[in-house]
Amino acid sequence: MSLAEALLALMWVGVTLYAVFAGADFGAGAWDLLAGGPEEGAERRARIERSIAPVWEANHVWLIFVLVVLWTGFPRAFAAVASTLYLPLTAVAIGIILRGSAFVFRKQFHSVRARRAFGAAFAASSVITPFFLGAIAGAVASGRIDPAGDIDVVGSWTSPTSLFGGVLAVLVCAHLAAVFLTADADRAGETDLVEWFRTRAILSGAVTGLTTFAGVAVLHADARHLFDGLTDRGLALMALSAVAGIATLVLLARRRCRLARVAAVTAVVAVIWGWAAGQYPEILVDHLTIEEAAGARATLQAMVWSLAVGAAIFAPPLVYLLRSAAKGDLE
Amino acid sequence: MALAAETVDLLAARQQMALSLGWHIVIACFGVGFPIFVLLAEWRGLRRQDPVARRLARRWSSALAVLFAVGAVSGTILSFELGILWPRMMADFGDVWGLPFTIEGVAFFTEAVFLGLYLYGWERFSPRAHLLVGLPIPIAGVASAWFVVTANAWMNQPRGFDVDHYLATGQVRDIDPWAAMFNPATPVQTTHMVLAAIMVSGFGVAAVYAVGRLKGRRDRHHRLGFLIPFAIAVVATPLQIGVGDAAARFLAERQPVKLAAIEGLGETTDCAPLTVGGVFIDDRIRFGLQIPCGLSLLTHHDPNSVVQGLDEVPPEDRPPVNVVHIAFQAMVAIGFFLLGLGAWWAWRRWRSHRLPESRWFWWAAAAAGPLAVIALEAGWVVTEVGRQPWIVYEVMRVDDAVTDAGGLWAGYTVLLVVYAVLTVATIAVLRRLARSPLPDLEPSREPSP
């Protein structure tokens, strides 16, 4: 493995953790939107709030981590992505502002009217943000970012692959969140909530699975290069994801909530690494390889060392935070 | 006359960057300084078994939670915008100046993790353990600020690559990211910014309690809430003025055009005057008070020394003088006002161990919060506008760095609305927090054995 590949793998770990943990936080916002009127939804929203409040900021930092590694380690790829996709990126930026601020603001209010206004902003932005992130992934994966070519500011991210990516991202977030919230409610002994979230976890899981099937046809028609990679190098991981996804649904049906959480995370992680395997060795499909995009060797070395030292500092407390939150110790 | 589309987009890009950075920098200052005050209050509560101090710390931590969240999201936008608005700078120099951002990411992670444990761990940890959990927050906050500002320092003093080769060929080679990070501007700029963060947050938090005092609230909760942040900001003020002086002398040596714009010095001259106030018209300052040889004396400690003027570079390489000149005057004036305010307080404390009674003092302390923010913004205008027309000093111009993608005005307009709403909402939430009734005092707990 080359130095550039090692650094990109570290970044991909960041992408994975962002997708799993921040993805579940976004999904929780989607369920907040669908939790019902102020009275019937109060308990559900309280559960969502308790579950994500201590961790969402730490989970959000993975995105910053991914951005800075991309621009320092692979500056040309970052510049091309950012300038071509500035519209969806601006949408993501606004979504991030609204989601984070509306969430902390809502906690300070008790009146139904204020809570509803901030809640709507929080929930809507929790859906919009992953949609555009998925659309961005679709643009990269379908070869629509060309550092040397003309910039197509709209067409680059409105392709079928981008739309599929956006919808899939929203669904995956919602499914992960429902699974996580089921497990959280189960651990806290909130029986009614367990059933509410469990039903939705199964439903969203089934819809996600069906959408993925439909997506295979989309990728075949619109992102042939990625499709070939997924069915070749990425095949084992894709199969693992499918098995884990089905296992999640079976475990949920049998009320094995904690194991279902493990299975759902496995399914998501396998897709993300399957995607990476599918488009290897290209960082921008059809246009730029990892080695071509890589920055100076001295910089890559400095980054790998800084991240190694940094991870030794922040990883233990981060694991402790996530474990304490998952055990409900911080509620 | 219609402006060319590129000119309009460049203006939109600059306005958007200025808006996002100018907004974030205020909140970020609270992220650096405020945790120090929270922990000091908690420490006092623990050491002296003082339930009022502990309650104050707990209340402050709610405000800190709001400010930290808003700071985190508004900071994220900046990393998007560096690529969205200035892709040509990022493509050429991402691997030259990116390292400090990566390390800042580590520091920010540490801050976010410990803040999560701190905010939601009041019941879970023993008082002593809770204080220890909080300790990494200000350390990581200061570290974040330090690393980010090294990147800005690099824009003023680009190092860590072969500059001559780049100017000749447009190719970046011989990259050394550590040399880029530890560039000549780093020590003075990072120190100036960290002290500014402490002053803004200190005078800012204290101003809330000064307003309370003017409304007649004199209880211990309010006295302590004023004293802790104010005392720290007062200590930082003279240090800041000293560092600011060093910064000006640094400019004389390394960025003479910026200093010339600050002083409105049209021509290179010996015995250069120090200008107070005034407006720059037709290559010289009018209506200002000029202290003969003052600038020469300040920059080189020699009244006959030569100070370089704007005429050292062609007109297209000069920054807009009045913006820089006026911003600098505002910053310095506020700095000395804050110094005087601190001296008043220190005098009373030394003489009688009491807070000043005069309402003038409390009005001034209430004004000090917003004034410190204005000084912060002014200082930032001096360093950013003073560097124009360069995005990377004497290496890359702003108009060579901006994106080719058109239609930036639309994005800027939307963001303008978003920031307006965010500003109103943040202020409303903080006011609400400040007005909510204080909870009963907790019985002071012995630290668990």
# chains A, B, ... in the order shown; residues from 1 in each chain; ligands from 1

call {"tool": "closest_atom_pairs", "arguments": {"of": "chain B", "to": "chain A", "cutoff": "7 Å", "atoms": "only C-alpha atoms", "output": "JSON lines"}}
result
{"residue": "B:Val66", "atom": "CA", "partner": "A:Val104", "partner_atom": "CA", "distance": 6.1}
{"residue": "B:Ala69", "atom": "CA", "partner": "A:Gly100", "partner_atom": "CA", "distance": 6.4}
{"residue": "B:Val70", "atom": "CA", "partner": "A:Ser101", "partner_atom": "CA", "distance": 5.6}
{"residue": "B:Val73", "atom": "CA", "partner": "A:Ile97", "partner_atom": "CA", "distance": 5.1}
{"residue": "B:Ser74", "atom": "CA", "partner": "A:Ile97", "partner_atom": "CA", "distance": 6.4}
{"residue": "B:Thr76", "atom": "CA", "partner": "A:Ile64", "partner_atom": "CA", "distance": 6.4}
{"residue": "B:Ile77", "atom": "CA", "partner": "A:Ala93", "partner_atom": "CA", "distance": 5.5}
{"residue": "B:Gly83", "atom": "CA", "partner": "A:Ala82", "partner_atom": "CA", "distance": 5.0}
{"residue": "B:Ile84", "atom": "CA", "partner": "A:Ala82", "partner_atom": "CA", "distance": 4.7}
{"residue": "B:Pro87", "atom": "CA", "partner": "A:Ala79", "partner_atom": "CA", "distance": 4.6}
{"residue": "B:Arg88", "atom": "CA", "partner": "A:Ala79", "partner_atom": "CA", "distance": 6.9}
{"residue": "B:Met90", "atom": "CA", "partner": "A:Ala79", "partner_atom": "CA", "distance": 6.0}
{"residue": "B:Ala91", "atom": "CA", "partner": "A:Arg76", "partner_atom": "CA", "distance": 4.6}
{"residue": "B:Gly94", "atom": "CA", "partner": "A:Thr72", "partner_atom": "CA", "distance": 4.7}
{"residue": "B:Asp95", "atom": "CA", "partner": "A:Thr72", "partner_atom": "CA", "distance": 4.4}
{"residue": "B:Gly98", "atom": "CA", "partner": "A:Thr72", "partner_atom": "CA", "distance": 4.6}
{"residue": "B:Leu99", "atom": "CA", "partner": "A:Met303", "partner_atom": "CA", "distance": 6.5}
{"residue": "B:Phe101", "atom": "CA", "partner": "A:Val68", "partner_atom": "CA", "distance": 6.2}
{"residue": "B:Thr102", "atom": "CA", "partner": "A:Val68", "partner_atom": "CA", "distance": 5.7}
{"residue": "B:Ile103", "atom": "CA", "partner": "A:Ser306", "partner_atom": "CA", "distance": 6.5}
{"residue": "B:Gly105", "atom": "CA", "partner": "A:Phe65", "partner_atom": "CA", "distance": 5.8}
{"residue": "B:Val106", "atom": "CA", "partner": "A:Gly310", "partner_atom": "CA", "distance": 5.5}
{"residue": "B:Phe109", "atom": "CA", "partner": "A:Val61", "partner_atom": "CA", "distance": 6.1}
{"residue": "B:Thr110", "atom": "CA", "partner": "A:Phe314", "partner_atom": "CA", "distance": 5.2}
{"residue": "B:Ala112", "atom": "CA", "partner": "A:Ala58", "partner_atom": "CA", "distance": 5.1}
{"residue": "B:Val113", "atom": "CA", "partner": "A:Ala58", "partner_atom": "CA", "distance": 5.5}
{"residue": "B:Gly116", "atom": "CA", "partner": "A:Pro54", "partner_atom": "CA", "distance": 4.9}
{"residue": "B:Leu117", "atom": "CA", "partner": "A:Leu321", "partner_atom": "CA", "distance": 6.4}
{"residue": "B:Tyr120", "atom": "CA", "partner": "A:Leu330", "partner_atom": "CA", "distance": 5.3}
{"residue": "B:Gly121", "atom": "CA", "partner": "A:Leu330", "partner_atom": "CA", "distance": 5.9}
{"residue": "B:Arg124", "atom": "CA", "partner": "A:Leu330", "partner_atom": "CA", "distance": 7.0}
{"residue": "B:Ile175", "atom": "CA", "partner": "A:Ala296", "partner_atom": "CA", "distance": 6.4}
{"residue": "B:Asp176", "atom": "CA", "partner": "A:Ala298", "partner_atom": "CA", "distance": 6.2}
{"residue": "B:Pro177", "atom": "CA", "partner": "A:Thr299", "partner_atom": "CA", "distance": 5.7}
{"residue": "B:Thr403", "atom": "CA", "partner": "A:Ser83", "partner_atom": "CA", "distance": 6.4}
{"residue": "B:Ala405", "atom": "CA", "partner": "A:Ser83", "partner_atom": "CA", "distance": 6.5}
{"residue": "B:Val429", "atom": "CA", "partner": "A:Phe105", "partner_atom": "CA", "distance": 6.4}

call {"tool": "write_last_selection", "arguments": {"atoms": "C-alpha atoms", "output": "compact mmCIF listing (two decimals), in the first residue's frame"}}
result
# COMPACT_ATOMS: atom_id res chain seq x y z
CA VAL B 66 -25.16 26.74 22.67
CA ALA B 69 -22.63 24.12 18.77
CA VAL B 70 -23.10 27.29 16.75
CA VAL B 73 -21.36 24.42 12.51
CA SER B 74 -20.32 27.91 11.43
CA THR B 76 -17.54 23.73 9.20
CA ILE B 77 -18.94 26.03 6.55
CA GLY B 83 -12.86 24.90 -1.71
CA ILE B 84 -16.08 26.33 -3.14
CA PRO B 87 -10.43 26.24 -5.57
CA ARG B 88 -7.38 27.45 -7.46
CA MET B 90 -6.57 25.02 -2.70
CA ALA B 91 -5.46 23.04 -5.76
CA GLY B 94 -3.62 22.50 -0.26
CA ASP B 95 -0.67 20.28 0.59
CA GLY B 98 -3.22 22.11 5.02
CA LEU B 99 -1.31 20.39 7.82
CA PHE B 101 -5.99 22.28 9.68
CA THR B 102 -5.52 18.54 10.09
CA ILE B 103 -3.96 19.02 13.51
CA GLY B 105 -9.16 18.79 13.51
CA VAL B 106 -7.55 16.58 16.15
CA PHE B 109 -12.19 16.40 18.18
CA THR B 110 -10.69 16.39 21.64
CA ALA B 112 -15.97 18.10 21.25
CA VAL B 113 -15.54 14.75 23.01
CA GLY B 116 -19.93 16.08 25.48
CA LEU B 117 -18.73 14.32 28.63
CA TYR B 120 -23.82 15.67 30.18
CA GLY B 121 -21.67 14.38 33.01
CA ARG B 124 -22.32 11.00 36.41
CA ILE B 175 7.10 21.33 -0.08
CA ASP B 176 7.82 21.38 3.65
CA PRO B 177 4.52 21.62 5.57
CA THR B 403 -13.62 29.86 -8.71
CA ALA B 405 -18.16 28.54 -11.48
CA VAL B 429 -31.65 31.87 22.94

call {"tool": "residues_around", "arguments": {"residues": "region 62-64 of chain B", "least_positions_apart": "6", "cutoff": "8 Å", "atoms": "only C-alpha atoms", "output": "ChimeraX atom specification"}}
result
/B:30-31,34-35,119,430,433

call {"tool": "residues_around", "arguments": {"residues": "Met331 (chain B)", "least_positions_apart": "2", "cutoff": "8 Å", "atoms": "only C-alpha atoms", "output": "list of chain:residue names"}}
result
B:Ala327, B:Phe328, B:Gln329, B:Ala333, B:Ile334, B:Gly335, B:Ile374, B:Ala375, B:Leu376, B:Ala378, B:Gly379

call {"tool": "select_by_dssp", "arguments": {"residues": "region 306-359 of chain B", "states": "helix (DSSP H, G or I)", "output": "PyMOL selection string"}}
result
chain B and resi 310-312+315-317+321-352+359

call {"tool": "closest_residue", "arguments": {"among": "A:Ala120, A:Ala9, A:Leu176, A:Ala201", "to": "Leu249 (chain A)", "atoms": "only C-alpha atoms"}}
result
A:Ala201

call {"tool": "residues_around", "arguments": {"residues": "Arg55 (chain B)", "least_positions_apart": "4", "cutoff": "10 Å", "atoms": "only C-alpha atoms", "output": "compact mmCIF listing (two decimals) with N, CA and C atoms, in the first residue's frame"}}
result
# COMPACT_ATOMS: atom_id res chain seq x y z
N ALA B 41 -14.84 28.90 37.67
CA ALA B 41 -15.98 28.97 38.59
C ALA B 41 -16.20 27.62 39.26
N GLU B 42 -16.09 26.55 38.47
CA GLU B 42 -16.30 25.22 39.06
C GLU B 42 -15.20 24.90 40.07
N GLY B 45 -15.86 26.63 43.19
CA GLY B 45 -16.95 25.95 43.87
C GLY B 45 -16.46 24.72 44.62
N ASP B 50 -18.13 26.29 47.58
CA ASP B 50 -18.94 27.48 47.32
C ASP B 50 -20.07 27.11 46.35
N PRO B 51 -21.28 26.88 46.86
CA PRO B 51 -22.35 26.44 45.96
C PRO B 51 -22.74 27.50 44.94
N ARG B 59 -24.56 26.98 35.13
CA ARG B 59 -25.38 27.83 34.27
C ARG B 59 -24.58 28.26 33.03
N TRP B 60 -23.33 28.64 33.27
CA TRP B 60 -22.48 29.03 32.14
C TRP B 60 -22.33 27.88 31.16
N SER B 61 -22.27 26.67 31.68
CA SER B 61 -22.04 25.54 30.77
C SER B 61 -23.20 25.37 29.79
N HIS B 221 -23.93 35.97 43.15
CA HIS B 221 -23.98 35.32 41.84
C HIS B 221 -23.54 36.30 40.75
N LEU B 438 -32.82 31.39 38.40
CA LEU B 438 -31.74 30.54 38.91
C LEU B 438 -32.32 29.37 39.69
N PRO B 439 -31.75 28.19 39.53
CA PRO B 439 -32.22 27.07 40.36
C PRO B 439 -31.75 27.25 41.81
N ASP B 440 -32.40 26.53 42.74
CA ASP B 440 -31.95 26.58 44.14
C ASP B 440 -30.52 26.07 44.23
N LEU B 441 -29.84 26.54 45.26
CA LEU B 441 -28.45 26.10 45.42
C LEU B 441 -28.41 24.62 45.81
N GLU B 442 -27.47 23.91 45.21
CA GLU B 442 -27.27 22.52 45.62
C GLU B 442 -26.60 22.54 46.98
